[in-house]
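J.: Structure incoming, see below.
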Amino acid sequence: MKTLFTILGLCLTLNTLAQAPNFDDLKILYADANYEKLVKEADSYIQNEKTKKEIAPYFYAAKGLYKISLSGTDDEKFKNAYKDAIGYLGKGLAYDKKYNEGAYTVEEEEFVSMFQMSLVEAIENEISINSWKKVYSWSIKYQKIAGDLTGVYFLEGASKFYDNDKTSARDFWKKADVELAKIESIDNWSDADKKLLKLGVLYTAKALKDSRQIDKSKALLGKVGQWFEEDEDWKAQYDEIVNS
C-alpha cells in the first residue's frame with residue numbers, strides 16, 4: 001500500500017511539473033502597465049529551455065513592446081521596440097499555429113488585428129510619398145504576422161516594379177497569382193489582411209497599366225473586385241486605373 005501511495009504521489013508531482021505555467025506574473029504586469037518589466041519577464045521565459053516554446057510570453061512581449069513604442073522610453077534596449085514587437089508576435093503566431101492549432105491567436109484576435117493594421121498604416125504612409133524601398137521593407141515585416149500572404153506578395157511585386165527591379169516584381173506577382181487562385185472567400189480574414197490585398201492588387205494593376213499591359217491590369221482587378229465592390233476607395237482607384 002505504501003508503495004502504491006508513493007507511485008501515486010510521484011505521478012501527481014510529475015503531472016504538476018508537466019503542466020504549463022499560467023503566466024499570472026505577465027498578466028499582472030500588463031494590467032499594471034509596467035511594460036518594460038513585462039518585456040523583460042516575458043523574455044526570461046523565452047530564453048528558458050523549459051518554456052521557450054510556450055506561446056503566451058511571445059504575445060506578452062509583443063504587447064509590451066508595442067505599448068513602449070507608443071509611449072517611448074529612455075532605455076536604449078527598447079529603441080527598436082516596434083520592430084522587435086513584430087519579431088516576437090511573428091514567433092508567437094508561428095508557435096501557436098504549430099503547437100496549438102491557433103487557439104491562442106483567436107484569444108488575442110483584437111491585439112493581432114490592431115497590430116496588423118498599425119503596420120498596414122505604416123505601409124500606406126510610405127506609399128503616399130512613393131518611398132518604395134520602405135514599402136518593401138515594411139511588407140517583409142508584415143509577412144511575419146500576416147494571416148494570408150497574397151496581398152503581401154502583390155505589394156512586394158509592386159514595390160520592386162516601382163523601384164526598377166522588374167525581374168523581382170514578376171517573381172513576386174507569380175507567387176501572388178498562385179496564392180490568389182486558392183482563395184474562395186476573404187470573409188474570415190482580418191481587416192488588415194483585406195486592406196493589404198486591396199493595396200497590393202491596386203498597385204499591381206497600376207504597375208501593369210504603366211507597363212502597357214492594360215488587359216492584364218483589368219483582368220487582375222476583375223478577379224478580386226467581388227470582395228471590394230462596396231469599398232469607396234476601391235471604386236475610386238479602380239475607375240482611375242481602368243478609365244483614365
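By order of appearance in the C-alpha cells: chains A, B, ..., then residues from 1 within every chain, and ligands from 1 in the order shown.
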Contacts of A:Leu89 at 12 Å or less, counting only C-alpha atoms, minus same-chain residues fewer than 4 places along, as a PyMOL selection string?
T.: chain A and resi 55-66+82-85+93-96+104-105+108+111-113+115-116+141-146
J.: For A:Glu156, find every residue with an atom within 9 Å (counting only C-alpha atoms), except residues of its own chain fewer than 5 positions away, and show them as a list in words.
T.: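 Surrounding residues, per the criterion: Val135, Tyr136, Ser137, Ser139, Ile140, Gly151, Phe161, Ser168, Ala169, Phe172, Trp173 and Gly200 of chain A.
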J.: Pick from A:Ala207, A:Asn48, A:Glu36, A:Glu54: nearest to A:Thr73, with only C-alpha atoms counted?
T.: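 Among A:Ala207, A:Asn48, A:Glu36, A:Glu54, it is A:Glu36 that comes nearest to A:Thr73.
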J.: When you count only C-alpha atoms, which of these residues is closest to A:Lys206: A:Asp177, A:Glu110, A:Asp239, A:Glu184?
T.: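 For A:Lys206, the nearest of the candidates is A:Asp239.
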J.: Could you check which of A:Lys198, A:Asp215, A:Thr167, A:Asp210 is closest to A:Glu232, using only C-alpha atoms?
T.: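 Among the listed residues, the smallest separation from A:Glu232 belongs to A:Lys198.
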J.: Extract, using only C-alpha atoms, all DNA, RNA and protein residues at most 12 Å from A:Lys52, discarding same-chain residues fewer than 5 positions from it, and format them as JSON, numbers by chain.
T.: {"A": [20, 21, 42, 43, 44, 45, 46, 47, 57, 58, 88, 91, 92, 95]}
J.: Kindly export the residues of the current selection with all heavy atoms, as an mmCIF file, in the first residue's frame.
T.:
```cif
data_model
loop_
_atom_site.group_PDB
_atom_site.id
_atom_site.type_symbol
_atom_site.label_atom_id
_atom_site.label_comp_id
_atom_site.auth_asym_id
_atom_site.auth_seq_id
_atom_site.Cartn_x
_atom_site.Cartn_y
_atom_site.Cartn_z
ATOM 1 N N ALA A 20 1.884 23.483 -18.060
ATOM 2 C CA ALA A 20 2.459 24.763 -18.449
ATOM 3 C C ALA A 20 2.136 25.816 -17.400
ATOM 4 O O ALA A 20 1.070 25.779 -16.782
ATOM 5 C CB ALA A 20 1.888 25.192 -19.795
ATOM 6 N N PRO A 21 3.020 26.757 -17.154
ATOM 7 C CA PRO A 21 2.733 27.835 -16.213
ATOM 8 C C PRO A 21 1.594 28.695 -16.735
ATOM 9 O O PRO A 21 1.351 28.762 -17.939
ATOM 10 C CB PRO A 21 4.058 28.620 -16.177
ATOM 11 C CG PRO A 21 4.763 28.271 -17.440
ATOM 12 C CD PRO A 21 4.354 26.864 -17.762
ATOM 13 N N ALA A 42 8.839 38.430 -19.786
ATOM 14 C CA ALA A 42 8.416 37.560 -20.884
ATOM 15 C C ALA A 42 9.633 36.975 -21.592
ATOM 16 O O ALA A 42 9.666 35.780 -21.924
ATOM 17 C CB ALA A 42 7.555 38.342 -21.874
ATOM 18 N N ASP A 43 10.640 37.805 -21.791
ATOM 19 C CA ASP A 43 11.841 37.324 -22.468
ATOM 20 C C ASP A 43 12.589 36.295 -21.627
ATOM 21 O O ASP A 43 13.224 35.386 -22.178
ATOM 22 C CB ASP A 43 12.765 38.503 -22.797
ATOM 23 C CG ASP A 43 13.871 38.111 -23.756
ATOM 24 O OD1 ASP A 43 13.562 37.660 -24.879
ATOM 25 O OD2 ASP A 43 15.059 38.227 -23.390
ATOM 26 N N SER A 44 12.500 36.405 -20.309
ATOM 27 C CA SER A 44 13.168 35.406 -19.452
ATOM 28 C C SER A 44 12.532 34.030 -19.635
ATOM 29 O O SER A 44 13.225 33.013 -19.602
ATOM 30 C CB SER A 44 13.101 35.832 -17.976
ATOM 31 O OG SER A 44 11.779 35.741 -17.473
ATOM 32 N N TYR A 45 11.224 34.002 -19.854
ATOM 33 C CA TYR A 45 10.566 32.730 -20.181
ATOM 34 C C TYR A 45 11.017 32.219 -21.544
ATOM 35 O O TYR A 45 11.229 31.019 -21.739
ATOM 36 C CB TYR A 45 9.044 32.907 -20.203
ATOM 37 C CG TYR A 45 8.388 32.988 -18.847
ATOM 38 C CD1 TYR A 45 7.781 34.167 -18.421
ATOM 39 C CD2 TYR A 45 8.349 31.884 -18.000
ATOM 40 C CE1 TYR A 45 7.161 34.247 -17.178
ATOM 41 C CE2 TYR A 45 7.737 31.952 -16.758
ATOM 42 C CZ TYR A 45 7.144 33.143 -16.353
ATOM 43 O OH TYR A 45 6.529 33.216 -15.124
ATOM 44 N N ILE A 46 11.141 33.124 -22.488
ATOM 45 C CA ILE A 46 11.512 32.744 -23.858
ATOM 46 C C ILE A 46 12.939 32.188 -23.906
ATOM 47 O O ILE A 46 13.238 31.284 -24.682
ATOM 48 C CB ILE A 46 11.358 33.964 -24.796
ATOM 49 C CG1 ILE A 46 9.868 34.296 -24.956
ATOM 50 C CG2 ILE A 46 11.997 33.711 -26.150
ATOM 51 C CD1 ILE A 46 9.601 35.645 -25.588
ATOM 52 N N GLN A 47 13.800 32.718 -23.059
ATOM 53 C CA GLN A 47 15.188 32.260 -23.030
ATOM 54 C C GLN A 47 15.371 30.981 -22.216
ATOM 55 O O GLN A 47 16.417 30.335 -22.289
ATOM 56 C CB GLN A 47 16.094 33.363 -22.448
ATOM 57 C CG GLN A 47 16.092 34.662 -23.230
ATOM 58 C CD GLN A 47 16.438 34.480 -24.692
ATOM 59 O OE1 GLN A 47 17.319 33.689 -25.050
ATOM 60 N NE2 GLN A 47 15.738 35.203 -25.564
ATOM 61 N N PRO A 57 4.308 34.028 -23.561
ATOM 62 C CA PRO A 57 5.366 35.024 -23.402
ATOM 63 C C PRO A 57 5.663 35.820 -24.676
ATOM 64 O O PRO A 57 5.972 37.021 -24.598
ATOM 65 C CB PRO A 57 6.584 34.172 -22.993
ATOM 66 C CG PRO A 57 5.997 32.974 -22.324
ATOM 67 C CD PRO A 57 4.746 32.684 -23.103
ATOM 68 N N TYR A 58 5.561 35.191 -25.831
ATOM 69 C CA TYR A 58 5.805 35.903 -27.084
ATOM 70 C C TYR A 58 4.747 36.991 -27.316
ATOM 71 O O TYR A 58 5.062 38.111 -27.721
ATOM 72 C CB TYR A 58 5.813 34.922 -28.258
ATOM 73 C CG TYR A 58 7.003 33.992 -28.256
ATOM 74 C CD1 TYR A 58 6.923 32.733 -27.673
ATOM 75 C CD2 TYR A 58 8.218 34.372 -28.829
ATOM 76 C CE1 TYR A 58 8.021 31.878 -27.655
ATOM 77 C CE2 TYR A 58 9.314 33.519 -28.827
ATOM 78 C CZ TYR A 58 9.209 32.281 -28.236
ATOM 79 O OH TYR A 58 10.304 31.435 -28.214
ATOM 80 N N TYR A 88 8.628 39.225 -32.108
ATOM 81 C CA TYR A 88 8.040 38.388 -31.054
ATOM 82 C C TYR A 88 6.656 37.886 -31.458
ATOM 83 O O TYR A 88 6.334 36.709 -31.260
ATOM 84 C CB TYR A 88 7.935 39.181 -29.750
ATOM 85 C CG TYR A 88 9.211 39.239 -28.949
ATOM 86 C CD1 TYR A 88 9.931 40.421 -28.825
ATOM 87 C CD2 TYR A 88 9.705 38.102 -28.300
ATOM 88 C CE1 TYR A 88 11.109 40.483 -28.080
ATOM 89 C CE2 TYR A 88 10.880 38.147 -27.557
ATOM 90 C CZ TYR A 88 11.575 39.347 -27.447
ATOM 91 O OH TYR A 88 12.731 39.389 -26.720
ATOM 92 N N LYS A 91 6.838 35.083 -34.031
ATOM 93 C CA LYS A 91 7.196 33.782 -33.452
ATOM 94 C C LYS A 91 6.034 33.205 -32.654
ATOM 95 O O LYS A 91 5.782 31.991 -32.691
ATOM 96 C CB LYS A 91 8.430 33.933 -32.560
ATOM 97 C CG LYS A 91 9.715 34.157 -33.339
ATOM 98 C CD LYS A 91 10.917 34.244 -32.413
ATOM 99 C CE LYS A 91 12.202 34.463 -33.203
ATOM 100 N NZ LYS A 91 13.383 34.588 -32.307
ATOM 101 N N GLY A 92 5.326 34.064 -31.926
ATOM 102 C CA GLY A 92 4.183 33.594 -31.159
ATOM 103 C C GLY A 92 3.103 33.015 -32.055
ATOM 104 O O GLY A 92 2.536 31.959 -31.762
ATOM 105 N N TYR A 95 4.384 29.580 -33.425
ATOM 106 C CA TYR A 95 4.309 28.507 -32.426
ATOM 107 C C TYR A 95 2.863 28.120 -32.135
ATOM 108 O O TYR A 95 2.541 26.940 -31.956
ATOM 109 C CB TYR A 95 5.001 28.936 -31.124
ATOM 110 C CG TYR A 95 6.495 28.796 -31.145
ATOM 111 C CD1 TYR A 95 7.317 29.719 -30.518
ATOM 112 C CD2 TYR A 95 7.099 27.713 -31.779
ATOM 113 C CE1 TYR A 95 8.703 29.595 -30.530
ATOM 114 C CE2 TYR A 95 8.475 27.561 -31.800
ATOM 115 C CZ TYR A 95 9.276 28.509 -31.167
ATOM 116 O OH TYR A 95 10.636 28.372 -31.177
#
```
J.: Between atom CA of A:Asp24 and atom CA of A:Glu41, measure the distance and give it in Å to one decimal.
T.: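 These two atoms are separated by 11.3 Å.
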